[in-house]
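Chemist: Can you keep this structure in mind? I'll have questions shortly.
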There are 2 protein chains.
Amino acid sequence: MEGVRGGDAAAVSLAALLDPVSIAVIGASDDPGKIGGRPLAYLSRFGYRGRVLPVNPNRAEVQGLRCYPDVASLPEVPEVAAVLVPGAAAARAVEELGAAGTEVAIVMASGFGEVGGEGAAMQEQMRRAAAATGMRLVGPNAMGSANLTTGTVLTFSTMYLEIDVTPGPVAIVSQSGSMAVEPCALLARQAIGVAQMHATGNDADVTAAEVAALVAADERVELLLVYVESIGDGAALAELGRVGRARELPVVALKGGRTAAGQRAAHSHTGALATEDRLADAFFEEHGIWRARDLDEVSRVAGLHLRRWRTHGTRIAVVSNSGASCVQSADAATEWGLSFAPLSRTTTDALAEALPSFATLTNPVDLTAALIGSEGVFARVAGRLAADPSVDALHLALPIAGEGYEIDSFAASLADAAKDKPVVVSCPMPDRVSQPFRDAGLPVFLTETEAISALGSLLGQHARLARARARLGSDVRAWSTRPRGSGRMLDEAASLAFLAAHGVPVVAHRLCHTADEAAAAFDAFGHEPVAVKGCSDAVTHKSELGLVRLNVTTEPDVRAAFDAVRSDNGAIVARMAAGRRELLLGAHHDPTFGPVVLVGDGGTYVETIDDVAVLFPPVTVDAVVDALDGLRIAPVMRGVRGEARVDLAAVASAAVALGDVVDEVVSIDVNPLFVGTDGCVAADAVVVVAD
Amino acid sequence: MEGVRGGDAAAVSLAALLDPVSIAVIGASDDPGKIGGRPLAYLSRFGYRGRVLPVNPNRAEVQGLRCYPDVASLPEVPEVAAVLVPGAAAARAVEELGAAGTEVAIVMASGFGEVGGEGAAMQEQMRRAAAATGMRLVGPNAMGSANLTTGTVLTFSTMYLEIDVTPGPVAIVSQSGSMAVEPCALLARQAIGVAQMHATGNDADVTAAEVAALVAADERVELLLVYVESIGDGAALAELGRVGRARELPVVALKGGRTAAGQRAAHSHTGALATEDRLADAFFEEHGIWRARDLDEVSRVAGLHLRRWRTHGTRIAVVSNSGASCVQSADAATEWGLSFAPLSRTTTDALAEALPSFATLTNPVDLTAALIGSEGVFARVAGRLAADPSVDALHLALPIAGEGYEIDSFAASLADAAKDKPVVVSCPMPDRVSQPFRDAGLPVFLTETEAISALGSLLGQHARLARARARLGSDVRAWSTRPRGSGRMLDEAASLAFLAAHGVPVVAHRLCHTADEAAAAFDAFGHEPVAVKGCSDAVTHKSELGLVRLNVTTEPDVRAAFDAVRSDNGAIVARMAAGRRELLLGAHHDPTFGPVVLVGDGGTYVETIDDVAVLFPPVTVDAVVDALDGLRIAPVMRGVRGEARVDLAAVASAAVALGDVVDEVVSIDVNPLFVGTDGCVAADAVVVVAD
């Protein structure tokens, strides 16, 4: 075989991974139970229709196929290759495949980046070799890929020996092999099949997010699960979001390492955990990707997603024969961000007619044990609730049922309601009692909490996707994550001037170079209390260095303060700013997620108090107001005990200004930004501009 | 039958409920499918050995038993009676039974307190009638009681028709009928039997907590579940805690209405939700009662409790063939308050010997896919981890397994380890793969999160019980919840004097009655800035009424301020207090939970910021320091960015003082209590003393 790869690297596409015309298996084994034998066995078993080219120098035939001694001997350039040989042999194969013109190589061998040292060096060597030829590299340490819709099952996973995997509407993309298998196993228990399963391993070149964006475009995929431990590639994740939004595809992400212990287990650095996790959260929200709490949530909600209900609201109705079930449902609903739909007049009138006078006509609807058995009452109530346009989804909680309950009629009326909106049932009784609900095609859970949490996950995802579609449509915001270097720090006077020039109000101040100038400034500010602060482009923590004097009230004190704090660039004399609350504003470029704007509670203890929201440019006034509303200090800003609301519009306007200017800087930190009932002012700031 | 109840009400005991010598069923039906027929059918079916006395004026015999027309005609005084007739007939039966000398009546009819109006009035009438004769009243609206160990199944629940309930080690006490049934149904799915089940309904006289305390003493009960929506009877709950501590019985409480929506569904007032729920949380902790998040948690952990493992720590070890499972486990562990045991040198040496050089010897232990199949490695590792004294519990996470895995040997080594400490397995693979673990008697869950959350609930309960035993032993703190009336509010000067007299440092201040006295006070305080505050025993919100002037710095301003704010009792001139942080301290008598002391973040926005801990007297220094450590502001108090730690000992001492004096007052509110690096001072306070 001649090498065919010339300068035409642009023609190479990762898409070959999903449906290649030919596959080479480097390190093929004749034993279908061995790691090198399983991919061949799976390709045959799952009906792959392309050409399979085993490579093994020791055999002329494996599993009934002609076998080649090396890549060079292959009769054609394989579009995709699975590399099962270890270490240096794998690296050599990658080089040869790349040179030959293979589109995608999946390196399944482990012992590379994940063990560090020499393994990491060899991984980097492979990555470079692939990049040099334009070949895309999945792995190393990848458990492999499986596209059951094309029979392209290129993996050594023993899962296919243990679980009866059937083609179905779910796709799974995971950095970890086991976290690709585990959802498959859980879904198989619910008889839900899998269309594609990809475990990308060390993500040396191709990332899980990139594969996920590719898979998301497949119309046969109705639900996409993504497991990552590190998000190295924000741009690919944004692209995944775009593809998902375009198709209204539910994309559910699980990010391992939410906690410090989890990050340690993932061998990640834990330095900026809270910030990183908050950024990831905000990024998922921004792009319409749902973030699941755990695999249990994924397992509970998967079946609901596949019903393809299309509600966008989060207001539910609950009907039960038990008041306690209503209470349990309400507690769980609150935890999952669901609220109870206020029932329309038509609905309450209808309920009043159907129910006796002592029944409460509020949602959740407690029919009580005595009523649920009454002929036709339940069906009328359920039908009415489902018909109410303010009800986005319905939950029937039947903690006790059986003899005397018209389960068949309940099931029929619910199945009817479920044509238009999500309906879930909870019933802990033996399966034979709840079987009619299952037979009617309704999702049945054991407890109220399970049912509500599944609804919460479903409606939460729908609502998030709708928000992102309204905000971004099918666009994906482009940003550059080019390294910006350390930049050049402006001193306080220059920082405040920069902010003022870009529309952020700053405190009245003067940069002074002599005590006389400081005294003159004090005079100009009408002898009101002032702050005197050393001005330097070399220090950031002025307070801790004793370079700040607050509440200076006399001219001699101003002069003395000036002498005490003056720095290389002089000192600032500023009016004492005041306001209801000290906030922080910030903007910087995250290496993964690109430009971000932060807004939150400010003051000395910013890191400790940690009450900050993340926004992605372009920042809008509405987005800032929403973000401020989610902070713990929101009630204080809204005004308590008769206080007026602080000027949120002014804060929003300042945050919008930072979003507009972030591309011009390395970073901006404003703390404090004083906000009162009329306007806000930046009292201190550090701007770092690009070198 | 003659009435026998005289003045001997003291001889009456609720204990008759569990094993009465005779039972009357008022409203008995011959049809075992009807509400009035089920108790008779159940008594017969479950082998009740006492005398059963049906009452029904329309029949001479029901279900083969001689039937009596009314209570007066009964041949003996029934020790316990079930009242199934409705409304006024129920009230009449209660009166007659009480007068006759029945110990306990269970009123199962509904339509009383829960519907309000006339029903509530009739409930109160029944309660009085019972109280007058000394008879204890369970209900009304009670689904009834079942003691399967004595065959006393006195309930109309259809559960026994649907679920194959077997006698077992769990007891359930619930205000709600359905929340007694639902755990039974969930436990039956795990083949876990129930010893007793009580649904107490409206708790007009006997409360669920009181029944629970009684049940907790039964040695056959190994796990007690309690469901309440309102805790009306803190003293009974404390007694339940005492009985549980004495036996080391795990008592797991579920409190419905954790959220505002849940409280609304429970028709409770939601005014002081956060405070009430925090009090309930603190009370459960204080008395060693575990509070479960939901029924799912109860269902997951029940089987673990029944193993009767006796660990008191919360440090786990995790071993897996998947790094991602280690990450999932670590995230879940953090959420459940578990940490990873630091492995001893002996353990890491042994692991180093068993594992290849690139394996990490940290906990969680990732054996990787390649290693777990190696002959004997897993058994050695698991055995070593279990033997490490710093490991309190072990979790094996096997997200993928099957052919080639030595499951039988894993199961044997884990079963051995499980003799001494809790061991759980997670495996999502088909049941046939994980069956050897079940066969070895190990708890098997589908996911890492489920397994860890079950461990978290188990170890959390054990640790809480151990703390409560160490703190309280088998004592129960007595307190009086007698109404204290509104009391008499002391003005600020008197309040500060009261605090000072009881050992709480207060700000330097003088009560002044003239402007000259105010000026003299300013002089005495060395012309430092002062606060001038109107002093009145009629107003509490001085700031909002404009009766406070802060930072007054000149004598004329002090005089002017005095004239502006002086109130009926004069005005206080006080040194401006300062400190790192403004805290709040409080003490009052909760009608349910008795005397409490509060300590938390203070200042103007106390209610909004809501960062407060609850302590129960007698308050100890250690308890206060622990409580402060759990606040969100704890890092600020510990000192950030090089600041010194604030004087937590001084705050603790002040809180201890409040705990010591709470019995003498109606309430104490100190806000702010300024704390710095050396001491603390109360700057403002309101003390309300009993009339």
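To be explicit about the labels: the chains of the structure tokens are called A, B, and onward in the order shown, and within each one the residues are counted from 1, while ligands get numbers from 1 in the order they are shown.
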Determine which residues of stretch 169-310 of chain A receive a DSSP assignment of strand (DSSP E or B), computed from the backbone, and state them as an MDAnalysis selection string.

Modeler: chainID A and resid 170:174 194:199 223:228 251:255 290:291

Chemist: With only C-alpha atoms as the counted atoms, please give the residues lying no more than 7 Å from stretch 337-344 of chain A, apart from itself and same-chain residues fewer than 2 positions off, as a list of chain:residue names.

Modeler: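 Using only C-alpha atoms, the neighbours found are A:Thr314, A:Arg315, A:Ile316, A:Ala317, A:Ala333, A:Thr334, A:Glu335, A:Thr346, A:Thr347, A:Thr348, A:Asn363, A:Asp388, A:Ser390, A:Val391, A:Gly456.
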
Chemist: I need the residues from that last selection saved to file as a PDB file, in the first residue's frame (with C-alpha atoms), if you can.

Modeler:
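Saved result, selection_36.pdb, follows:
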```pdb
ATOM      1  CA  THR A 314     -42.130  24.038  34.707  1.00  0.00           C
ATOM      2  CA  ARG A 315     -45.555  24.259  36.337  1.00  0.00           C
ATOM      3  CA  ILE A 316     -46.984  20.923  37.337  1.00  0.00           C
ATOM      4  CA  ALA A 317     -50.209  19.567  38.761  1.00  0.00           C
ATOM      5  CA  ALA A 333     -40.933  19.839  43.267  1.00  0.00           C
ATOM      6  CA  THR A 334     -39.333  22.760  45.067  1.00  0.00           C
ATOM      7  CA  GLU A 335     -35.982  21.007  45.077  1.00  0.00           C
ATOM      8  CA  THR A 346     -62.567  26.780  34.404  1.00  0.00           C
ATOM      9  CA  THR A 347     -60.578  24.071  36.140  1.00  0.00           C
ATOM     10  CA  THR A 348     -61.579  24.985  39.683  1.00  0.00           C
ATOM     11  CA  ASN A 363     -53.067  22.210  43.390  1.00  0.00           C
ATOM     12  CA  ASP A 388     -55.693  23.417  31.925  1.00  0.00           C
ATOM     13  CA  SER A 390     -51.307  26.546  32.807  1.00  0.00           C
ATOM     14  CA  VAL A 391     -50.455  22.928  33.681  1.00  0.00           C
ATOM     15  CA  GLY A 456     -37.909  18.040  37.184  1.00  0.00           C
TER      16      GLY A 456
END
```

Chemist: According to DSSP computed on the backbone, where in stretch 6-186 of chain A is there alpha helix (DSSP H)? Give the residues as a PyMOL selection string.

Modeler: chain A and resi 38-45+87-100+117-133+159-162+178-186

Chemist: Write out as a VMD selection string the residues lying within 9 Å of stretch 222-234 of chain B, counting only C-alpha atoms and excluding same-chain residues fewer than 4 positions away.

Modeler: (chain A and resid 324 327) or (chain B and resid 168 to 176 179 to 180 183 203 207 to 210 212 215 to 216 218 238 to 239 244 249 to 258 263 266 268 280 283 298 302 305 to 306 308 591 to 594)

Chemist: For the residues selected in the previous step, produce a file with C-alpha atoms as an mmCIF file, in the first residue's frame.

Modeler:
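Writing the result to out.cif gives the following:
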```cif
data_model
loop_
_atom_site.group_PDB
_atom_site.id
_atom_site.type_symbol
_atom_site.label_atom_id
_atom_site.label_comp_id
_atom_site.auth_asym_id
_atom_site.auth_seq_id
_atom_site.Cartn_x
_atom_site.Cartn_y
_atom_site.Cartn_z
ATOM 1 C CA ALA A 324 -48.908 13.159 52.512
ATOM 2 C CA VAL A 327 -46.627 17.098 50.643
ATOM 3 C CA GLY B 168 -40.011 -8.407 60.556
ATOM 4 C CA PRO B 169 -37.639 -6.027 62.306
ATOM 5 C CA VAL B 170 -38.903 -2.632 61.080
ATOM 6 C CA ALA B 171 -41.488 -0.436 62.795
ATOM 7 C CA ILE B 172 -43.258 2.489 61.143
ATOM 8 C CA VAL B 173 -45.068 5.291 62.930
ATOM 9 C CA SER B 174 -46.714 7.949 60.808
ATOM 10 C CA GLN B 175 -49.274 10.687 61.131
ATOM 11 C CA SER B 176 -50.345 9.889 57.587
ATOM 12 C CA MET B 179 -46.926 7.230 54.580
ATOM 13 C CA ALA B 180 -47.244 4.188 56.809
ATOM 14 C CA PRO B 183 -42.583 2.257 53.361
ATOM 15 C CA ASP B 203 -52.956 13.506 66.764
ATOM 16 C CA THR B 207 -49.047 12.049 69.017
ATOM 17 C CA ALA B 208 -47.043 10.047 66.516
ATOM 18 C CA ALA B 209 -43.923 10.859 68.545
ATOM 19 C CA GLU B 210 -45.513 9.409 71.678
ATOM 20 C CA ALA B 212 -42.938 6.074 68.384
ATOM 21 C CA VAL B 215 -42.609 1.311 69.944
ATOM 22 C CA ALA B 216 -38.911 2.146 70.193
ATOM 23 C CA ASP B 218 -39.749 -3.043 71.823
ATOM 24 C CA ALA B 238 -37.006 13.916 72.979
ATOM 25 C CA GLU B 239 -38.277 10.848 74.831
ATOM 26 C CA GLY B 244 -33.457 5.077 70.870
ATOM 27 C CA LEU B 249 -31.830 1.821 67.882
ATOM 28 C CA PRO B 250 -31.654 3.632 64.564
ATOM 29 C CA VAL B 251 -34.552 6.076 64.495
ATOM 30 C CA VAL B 252 -35.071 7.592 61.051
ATOM 31 C CA ALA B 253 -37.479 10.489 60.738
ATOM 32 C CA LEU B 254 -39.051 11.904 57.608
ATOM 33 C CA LYS B 255 -40.580 15.333 58.015
ATOM 34 C CA GLY B 256 -42.912 16.364 55.238
ATOM 35 C CA GLY B 257 -43.163 20.068 54.489
ATOM 36 C CA ARG B 258 -39.479 20.929 54.285
ATOM 37 C CA GLN B 263 -45.890 23.328 53.975
ATOM 38 C CA ALA B 266 -49.646 20.233 54.445
ATOM 39 C CA SER B 268 -49.418 24.564 57.594
ATOM 40 C CA ALA B 280 -36.405 20.678 63.740
ATOM 41 C CA PHE B 283 -33.534 19.035 67.495
ATOM 42 C CA VAL B 298 -35.190 5.246 53.679
ATOM 43 C CA ALA B 302 -33.201 0.114 55.559
ATOM 44 C CA HIS B 305 -29.464 -0.759 59.221
ATOM 45 C CA LEU B 306 -30.739 -4.286 59.724
ATOM 46 C CA ARG B 308 -26.588 -4.014 62.798
ATOM 47 C CA PRO B 591 -43.508 26.268 71.941
ATOM 48 C CA THR B 592 -42.529 22.894 70.454
ATOM 49 C CA PHE B 593 -38.818 22.524 71.089
ATOM 50 C CA GLY B 594 -38.446 24.417 74.354
#
```
